[in-house]
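Text of the file my_file_39.txt, holding compact mmCIF, N, CA and C atoms:
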# COMPACT_ATOMS: atom_id res chain seq x y z
N MET A 1 56.24 81.07 87.21
CA MET A 1 57.51 81.76 87.43
C MET A 1 57.77 81.85 88.94
N ASN A 2 58.97 81.52 89.35
CA ASN A 2 59.25 81.57 90.79
C ASN A 2 59.79 82.94 91.17
N ASN A 3 59.54 83.33 92.41
CA ASN A 3 59.88 84.67 92.88
C ASN A 3 61.38 84.90 92.99
N PHE A 4 62.18 83.86 92.98
CA PHE A 4 63.62 84.01 93.17
C PHE A 4 64.36 84.38 91.89
N THR A 5 63.69 84.32 90.75
CA THR A 5 64.39 84.63 89.51
C THR A 5 64.79 86.10 89.42
N ALA A 6 64.13 86.95 90.18
CA ALA A 6 64.45 88.38 90.16
C ALA A 6 65.68 88.71 91.00
N LEU A 7 66.13 87.76 91.82
CA LEU A 7 67.29 88.02 92.67
C LEU A 7 68.57 88.00 91.84
N PRO A 8 69.50 88.88 92.16
CA PRO A 8 70.79 88.84 91.45
C PRO A 8 71.46 87.48 91.64
N LYS A 9 72.17 87.06 90.62
CA LYS A 9 72.80 85.74 90.60
C LYS A 9 73.68 85.47 91.82
N TYR A 10 74.44 86.45 92.30
CA TYR A 10 75.41 86.21 93.35
C TYR A 10 75.03 86.85 94.68
N GLN A 11 73.77 87.15 94.87
CA GLN A 11 73.38 87.85 96.09
C GLN A 11 73.81 87.10 97.34
N ILE A 12 73.58 85.80 97.39
CA ILE A 12 73.95 85.03 98.57
C ILE A 12 75.46 85.06 98.76
N GLN A 13 76.21 84.85 97.69
CA GLN A 13 77.65 84.89 97.79
C GLN A 13 78.15 86.27 98.20
N ASP A 14 77.52 87.34 97.67
CA ASP A 14 77.92 88.69 98.04
C ASP A 14 77.78 88.91 99.54
N ASP A 15 76.65 88.45 100.10
CA ASP A 15 76.44 88.59 101.54
C ASP A 15 77.50 87.80 102.31
N ASN A 16 77.77 86.59 101.85
CA ASN A 16 78.80 85.78 102.49
C ASN A 16 80.17 86.42 102.34
N ALA A 17 80.43 86.98 101.18
CA ALA A 17 81.73 87.62 100.94
C ALA A 17 81.92 88.79 101.89
N GLN A 18 80.90 89.61 102.04
CA GLN A 18 81.03 90.75 102.94
C GLN A 18 81.18 90.30 104.38
N ASP A 19 80.45 89.27 104.78
CA ASP A 19 80.58 88.74 106.14
C ASP A 19 82.00 88.23 106.38
N LEU A 20 82.53 87.48 105.44
CA LEU A 20 83.90 86.97 105.59
C LEU A 20 84.91 88.12 105.62
N TYR A 21 84.69 89.10 104.79
CA TYR A 21 85.57 90.26 104.75
C TYR A 21 85.58 90.98 106.10
N LEU A 22 84.41 91.19 106.64
CA LEU A 22 84.32 91.87 107.94
C LEU A 22 84.96 91.04 109.05
N ARG A 23 84.86 89.73 108.95
CA ARG A 23 85.51 88.86 109.94
C ARG A 23 87.03 88.97 109.86
N VAL A 24 87.56 89.02 108.65
CA VAL A 24 89.02 89.18 108.49
C VAL A 24 89.48 90.49 109.10
N LEU A 25 88.73 91.56 108.82
CA LEU A 25 89.10 92.86 109.41
C LEU A 25 89.03 92.78 110.93
N SER A 26 88.03 92.08 111.44
CA SER A 26 87.89 91.92 112.89
C SER A 26 89.05 91.10 113.46
N PHE A 27 89.42 89.99 112.80
CA PHE A 27 90.56 89.17 113.25
C PHE A 27 91.82 90.03 113.31
N ALA A 28 92.06 90.77 112.25
CA ALA A 28 93.27 91.59 112.17
C ALA A 28 93.27 92.66 113.25
N ASN A 29 92.13 93.33 113.42
CA ASN A 29 92.06 94.39 114.43
C ASN A 29 92.20 93.84 115.85
N ASN A 30 91.63 92.67 116.11
CA ASN A 30 91.80 92.04 117.43
C ASN A 30 93.26 91.67 117.67
N PHE A 31 93.92 91.15 116.64
CA PHE A 31 95.34 90.80 116.75
C PHE A 31 96.17 92.05 117.04
N ILE A 32 95.88 93.12 116.32
CA ILE A 32 96.61 94.38 116.53
C ILE A 32 96.38 94.89 117.95
N ARG A 33 95.13 94.91 118.37
CA ARG A 33 94.79 95.42 119.71
C ARG A 33 95.48 94.60 120.80
N HIS A 34 95.40 93.27 120.69
CA HIS A 34 96.03 92.42 121.70
C HIS A 34 97.55 92.59 121.68
N SER A 35 98.11 92.70 120.49
CA SER A 35 99.56 92.89 120.37
C SER A 35 100.01 94.18 121.03
N LYS A 36 99.21 95.22 120.90
CA LYS A 36 99.55 96.49 121.54
C LYS A 36 99.44 96.37 123.06
N LEU A 37 98.46 95.59 123.53
CA LEU A 37 98.31 95.41 124.98
C LEU A 37 99.55 94.77 125.60
N ILE A 38 100.20 93.92 124.84
CA ILE A 38 101.41 93.27 125.35
C ILE A 38 102.67 93.97 124.83
N SER A 39 102.49 95.18 124.36
CA SER A 39 103.60 96.03 123.88
C SER A 39 104.43 95.36 122.79
N LEU A 40 103.76 94.60 121.94
CA LEU A 40 104.42 93.90 120.83
C LEU A 40 105.58 93.03 121.28
N ASN A 41 105.47 92.49 122.49
CA ASN A 41 106.52 91.62 123.04
C ASN A 41 106.56 90.32 122.22
N ILE A 42 107.69 90.07 121.58
CA ILE A 42 107.81 88.93 120.67
C ILE A 42 107.58 87.60 121.38
N GLU A 43 108.12 87.44 122.57
CA GLU A 43 107.92 86.17 123.29
C GLU A 43 106.44 85.92 123.58
N GLN A 44 105.72 86.98 123.92
CA GLN A 44 104.28 86.82 124.15
C GLN A 44 103.52 86.64 122.84
N LEU A 45 103.97 87.29 121.79
CA LEU A 45 103.34 87.10 120.49
C LEU A 45 103.47 85.66 120.01
N LYS A 46 104.57 85.02 120.37
CA LYS A 46 104.78 83.62 119.98
C LYS A 46 103.77 82.69 120.64
N THR A 47 103.25 83.09 121.81
CA THR A 47 102.35 82.21 122.54
C THR A 47 100.87 82.55 122.33
N MET A 48 100.58 83.56 121.54
CA MET A 48 99.19 83.93 121.29
C MET A 48 98.44 82.81 120.59
N THR A 49 97.15 82.71 120.91
CA THR A 49 96.30 81.72 120.25
C THR A 49 95.05 82.42 119.74
N PRO A 50 94.76 82.41 118.47
CA PRO A 50 95.63 81.89 117.41
C PRO A 50 96.82 82.82 117.21
N ASN A 51 97.90 82.24 116.73
CA ASN A 51 99.09 83.04 116.50
C ASN A 51 99.06 83.64 115.10
N ALA A 52 100.04 84.46 114.79
CA ALA A 52 100.07 85.16 113.51
C ALA A 52 100.09 84.20 112.33
N LYS A 53 100.81 83.10 112.47
CA LYS A 53 100.88 82.12 111.38
C LYS A 53 99.52 81.50 111.12
N GLU A 54 98.82 81.13 112.18
CA GLU A 54 97.49 80.54 112.03
C GLU A 54 96.50 81.54 111.43
N LEU A 55 96.56 82.78 111.89
CA LEU A 55 95.68 83.81 111.33
C LEU A 55 95.99 84.05 109.85
N ALA A 56 97.25 84.04 109.49
CA ALA A 56 97.63 84.21 108.09
C ALA A 56 97.05 83.09 107.23
N GLN A 57 97.09 81.86 107.75
CA GLN A 57 96.55 80.73 107.00
C GLN A 57 95.03 80.85 106.83
N ILE A 58 94.35 81.26 107.90
CA ILE A 58 92.89 81.44 107.83
C ILE A 58 92.57 82.54 106.81
N MET A 59 93.28 83.66 106.92
CA MET A 59 93.05 84.77 106.00
C MET A 59 93.34 84.38 104.56
N ASP A 60 94.36 83.57 104.36
CA ASP A 60 94.71 83.12 103.02
C ASP A 60 93.59 82.27 102.42
N SER A 61 93.02 81.39 103.23
CA SER A 61 91.89 80.56 102.76
C SER A 61 90.70 81.43 102.39
N ILE A 62 90.40 82.42 103.21
CA ILE A 62 89.29 83.33 102.93
C ILE A 62 89.58 84.14 101.68
N ALA A 63 90.82 84.59 101.53
CA ALA A 63 91.21 85.35 100.34
C ALA A 63 91.00 84.51 99.08
N ASP A 64 91.37 83.23 99.14
CA ASP A 64 91.18 82.33 97.99
C ASP A 64 89.69 82.24 97.62
N TYR A 65 88.85 82.08 98.63
CA TYR A 65 87.40 81.99 98.41
C TYR A 65 86.86 83.28 97.78
N LEU A 66 87.28 84.42 98.33
CA LEU A 66 86.80 85.71 97.82
C LEU A 66 87.30 85.96 96.41
N GLN A 67 88.50 85.50 96.10
CA GLN A 67 89.04 85.68 94.75
C GLN A 67 88.24 84.87 93.73
N VAL A 68 87.77 83.69 94.13
CA VAL A 68 86.91 82.90 93.25
C VAL A 68 85.62 83.66 92.96
N LEU A 69 85.01 84.22 94.00
CA LEU A 69 83.79 85.00 93.81
C LEU A 69 84.04 86.22 92.93
N ALA A 70 85.16 86.88 93.16
CA ALA A 70 85.46 88.10 92.40
C ALA A 70 85.68 87.80 90.92
N LYS A 71 86.19 86.63 90.59
CA LYS A 71 86.43 86.27 89.19
C LYS A 71 85.13 86.02 88.44
N ASP A 72 84.11 85.54 89.16
CA ASP A 72 82.86 85.14 88.53
C ASP A 72 81.90 86.28 88.27
N GLU A 73 82.26 87.47 88.63
CA GLU A 73 81.34 88.58 88.43
C GLU A 73 82.09 89.88 88.23
N THR A 74 81.35 90.92 87.98
CA THR A 74 81.96 92.21 87.71
C THR A 74 81.87 93.15 88.91
N SER A 75 81.53 92.62 90.07
CA SER A 75 81.38 93.45 91.26
C SER A 75 82.73 94.00 91.70
N TYR A 76 82.88 95.31 91.56
CA TYR A 76 84.10 95.98 91.99
C TYR A 76 84.33 95.79 93.48
N GLU A 77 83.25 95.84 94.28
CA GLU A 77 83.36 95.69 95.73
C GLU A 77 83.94 94.33 96.10
N ASN A 78 83.47 93.27 95.45
CA ASN A 78 84.00 91.93 95.75
C ASN A 78 85.47 91.82 95.36
N GLN A 79 85.83 92.44 94.26
CA GLN A 79 87.23 92.42 93.84
C GLN A 79 88.10 93.16 94.86
N GLN A 80 87.61 94.29 95.35
CA GLN A 80 88.36 95.05 96.35
C GLN A 80 88.47 94.29 97.67
N MET A 81 87.38 93.63 98.08
CA MET A 81 87.42 92.85 99.32
C MET A 81 88.43 91.72 99.19
N ALA A 82 88.42 91.03 98.05
CA ALA A 82 89.35 89.92 97.82
C ALA A 82 90.79 90.41 97.86
N LEU A 83 91.04 91.53 97.23
CA LEU A 83 92.39 92.09 97.21
C LEU A 83 92.84 92.52 98.61
N ASN A 84 91.96 93.15 99.36
CA ASN A 84 92.32 93.61 100.70
C ASN A 84 92.58 92.44 101.64
N VAL A 85 91.78 91.38 101.54
CA VAL A 85 92.00 90.21 102.39
C VAL A 85 93.33 89.53 102.02
N ALA A 86 93.63 89.47 100.73
CA ALA A 86 94.90 88.89 100.30
C ALA A 86 96.08 89.71 100.86
N GLN A 87 95.94 91.03 100.87
CA GLN A 87 96.98 91.89 101.44
C GLN A 87 97.12 91.66 102.94
N CYS A 88 96.00 91.57 103.63
CA CYS A 88 96.04 91.31 105.08
C CYS A 88 96.73 89.98 105.36
N SER A 89 96.41 88.97 104.57
CA SER A 89 97.02 87.65 104.72
C SER A 89 98.53 87.72 104.51
N LEU A 90 98.94 88.43 103.49
CA LEU A 90 100.38 88.56 103.20
C LEU A 90 101.10 89.29 104.34
N ILE A 91 100.51 90.37 104.82
CA ILE A 91 101.13 91.12 105.92
C ILE A 91 101.20 90.26 107.17
N MET A 92 100.12 89.54 107.46
CA MET A 92 100.10 88.68 108.65
C MET A 92 101.16 87.58 108.54
N SER A 93 101.34 87.05 107.36
CA SER A 93 102.38 86.04 107.13
C SER A 93 103.78 86.63 107.37
N ARG A 94 103.97 87.85 106.91
CA ARG A 94 105.25 88.53 107.14
C ARG A 94 105.46 88.82 108.62
N ILE A 95 104.38 89.17 109.34
CA ILE A 95 104.47 89.37 110.79
C ILE A 95 104.90 88.06 111.45
N SER A 96 104.29 86.96 111.03
CA SER A 96 104.63 85.65 111.57
C SER A 96 106.12 85.36 111.38
N ASN A 97 106.64 85.65 110.19
CA ASN A 97 108.06 85.42 109.91
C ASN A 97 108.94 86.31 110.78
N ALA A 98 108.53 87.57 110.97
CA ALA A 98 109.31 88.49 111.80
C ALA A 98 109.31 88.03 113.26
N ILE A 99 108.17 87.52 113.72
CA ILE A 99 108.10 86.99 115.10
C ILE A 99 109.03 85.79 115.22
N ARG A 100 108.97 84.90 114.26
CA ARG A 100 109.84 83.72 114.26
C ARG A 100 111.31 84.11 114.29
N ASP A 101 111.65 85.19 113.57
CA ASP A 101 113.04 85.65 113.47
C ASP A 101 113.43 86.59 114.61
N ASP A 102 112.51 86.80 115.57
CA ASP A 102 112.76 87.72 116.70
C ASP A 102 113.15 89.12 116.24
N ASP A 103 112.52 89.58 115.17
CA ASP A 103 112.82 90.90 114.60
C ASP A 103 111.79 91.93 115.07
N GLN A 104 112.05 92.52 116.22
CA GLN A 104 111.12 93.47 116.83
C GLN A 104 110.83 94.68 115.93
N ILE A 105 111.85 95.18 115.28
CA ILE A 105 111.67 96.35 114.42
C ILE A 105 110.72 96.02 113.27
N LYS A 106 110.91 94.87 112.65
CA LYS A 106 110.05 94.45 111.54
C LYS A 106 108.63 94.19 112.01
N VAL A 107 108.47 93.60 113.18
CA VAL A 107 107.13 93.35 113.72
C VAL A 107 106.39 94.68 113.89
N THR A 108 107.06 95.65 114.48
CA THR A 108 106.45 96.97 114.71
C THR A 108 106.06 97.62 113.38
N GLU A 109 106.95 97.56 112.43
CA GLU A 109 106.72 98.13 111.10
C GLU A 109 105.52 97.46 110.41
N LEU A 110 105.48 96.13 110.48
CA LEU A 110 104.41 95.39 109.82
C LEU A 110 103.07 95.55 110.53
N MET A 111 103.10 95.73 111.84
CA MET A 111 101.85 95.99 112.57
C MET A 111 101.24 97.29 112.09
N ARG A 112 102.06 98.30 111.88
CA ARG A 112 101.56 99.58 111.36
C ARG A 112 100.96 99.38 109.97
N GLU A 113 101.63 98.57 109.17
CA GLU A 113 101.14 98.30 107.82
C GLU A 113 99.79 97.57 107.87
N LEU A 114 99.67 96.59 108.75
CA LEU A 114 98.42 95.85 108.90
C LEU A 114 97.31 96.77 109.39
N GLU A 115 97.65 97.62 110.33
CA GLU A 115 96.66 98.56 110.86
C GLU A 115 96.16 99.49 109.75
N SER A 116 97.06 99.94 108.93
CA SER A 116 96.69 100.79 107.80
C SER A 116 95.81 100.03 106.81
N GLN A 117 96.13 98.77 106.58
CA GLN A 117 95.37 97.94 105.64
C GLN A 117 93.95 97.67 106.13
N THR A 118 93.75 97.64 107.44
CA THR A 118 92.42 97.33 107.97
C THR A 118 91.55 98.58 108.15
N ASN A 119 92.13 99.75 108.02
CA ASN A 119 91.36 101.00 108.13
C ASN A 119 90.88 101.42 106.76
N VAL A 120 89.93 100.64 106.23
CA VAL A 120 89.41 100.88 104.89
C VAL A 120 87.89 100.96 104.96
N PRO A 121 87.27 101.63 103.98
CA PRO A 121 85.81 101.67 103.97
C PRO A 121 85.23 100.27 103.74
N VAL A 122 84.10 100.02 104.36
CA VAL A 122 83.43 98.72 104.20
C VAL A 122 82.33 98.89 103.17
N PRO A 123 82.30 98.01 102.13
CA PRO A 123 81.26 98.11 101.13
C PRO A 123 79.88 97.90 101.73
N VAL A 124 78.90 98.61 101.21
CA VAL A 124 77.51 98.44 101.68
C VAL A 124 76.64 97.84 100.63

Mind converting the file's structure to structure tokens?
Amino acid sequence: MNNFTALPKYQIQDDNAQDLYLRVLSFANNFIRHSKLISLNIEQLKTMTPNAKELAQIMDSIADYLQVLAKDETSYENQQMALNVAQCSLIMSRISNAIRDDDQIKVTELMRELESQTNVPVPV
């Protein structure tokens, strides 16, 4: 009998899922912090690297991966992480659209929403 049979089936994926989740929260928080430093100036937001559109695409890919993991098991934490990352991706995509449309009011509103979305407990 090998020693690995006692390990939970998705332990490696769970660790990866949490790492990816924490990275998304970090990406979002860094974007928020940098955006505040430039006073949410739309022209400067357009030149950020990575920009909101690129971050939304990255977050969307991570959300897809986490959703696959969440479907394969009953872990409530993984389901919550997948849902939260999908929400962050959606908000970031909306921020990208508001920046493209030069809608300062919408950018400010959505930044608050993203900030609220990233202030969540982290599963242990």

Discussion item. Could you pull out the alpha helix (DSSP H) residues of chain A, going by DSSP on the backbone, and write them as a PyMOL selection string?
Written reply: chain A and resi 11-37+42-47+52-71+76-100+104-118

Compile the contact shell of Gln79 in chain A as an mmCIF file with N, CA and C atoms, keeping the file's coordinate frame: residues with an atom at most 7 Å away, counting all atoms listed in the file, same-chain residues fewer than 5 positions apart removed.
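File produced: selection09.cif:
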data_model
loop_
_atom_site.group_PDB
_atom_site.id
_atom_site.type_symbol
_atom_site.label_atom_id
_atom_site.label_comp_id
_atom_site.auth_asym_id
_atom_site.auth_seq_id
_atom_site.Cartn_x
_atom_site.Cartn_y
_atom_site.Cartn_z
ATOM 1 N N LEU A 66 87.280 84.420 98.330
ATOM 2 C CA LEU A 66 86.800 85.710 97.820
ATOM 3 C C LEU A 66 87.300 85.960 96.410
ATOM 4 N N LEU A 69 85.010 84.220 94.000
ATOM 5 C CA LEU A 69 83.790 85.000 93.810
ATOM 6 C C LEU A 69 84.040 86.220 92.930
ATOM 7 N N ALA A 70 85.160 86.880 93.160
ATOM 8 C CA ALA A 70 85.460 88.100 92.400
ATOM 9 C C ALA A 70 85.680 87.800 90.920
ATOM 10 N N LYS A 71 86.190 86.630 90.590
ATOM 11 C CA LYS A 71 86.430 86.270 89.190
ATOM 12 C C LYS A 71 85.130 86.020 88.440
ATOM 13 N N THR A 74 81.350 90.920 87.980
ATOM 14 C CA THR A 74 81.960 92.210 87.710
ATOM 15 C C THR A 74 81.870 93.150 88.910
ATOM 16 N N ASN A 84 91.960 93.150 99.360
ATOM 17 C CA ASN A 84 92.320 93.610 100.700
ATOM 18 C C ASN A 84 92.580 92.440 101.640
#

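Between CA of Leu22 in chain A and CA of Val85 in chain A the interatomic distance comes to 9.6 Å.
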
Enclose all atoms of range 38-41 of chain A listed in the file in an axis-aligned box, grow every side by 8 Å, and hand back centre and edge lengths in Å to one decimal, as JSON.
{"center_x": 103.4, "center_y": 93.2, "center_z": 123.1, "size_x": 22.4, "size_y": 21.7, "size_z": 20.5}

Worksheet item: Taking into account only N, CA and C atoms, which residue in the set A:Val24, A:Ile99, A:Met81, A:Val120 is nearest to Met59 in chain A?
Response: A:Val24

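Each of A:Tyr21, A:Phe27, A:Val107, A:Asn78 was checked against Ile62 in chain A using all atoms listed in the file; the smallest atom-to-atom distance is that of A:Tyr21.
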
Discussion item. Give me the residues near Ala63 in chain A as a PyMOL selection string, where near means some atom within 7 Å (using only N, CA and C atoms) and where sequence neighbours in that chain fewer than 3 positions away do not count.
Written reply: chain A and resi 58-60+66-68+82-83+85-86

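Atom pair CA of Ile32 in chain A / atom C of Asp101 in chain A: separated by 18.6 Å.
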
Worksheet, complete the sentence: Counting all atoms listed in the file, the residue among A:Ala17, A:Leu25, A:Leu114, A:Ala98 that lies closest to Tyr65 in chain A is A:Ala17
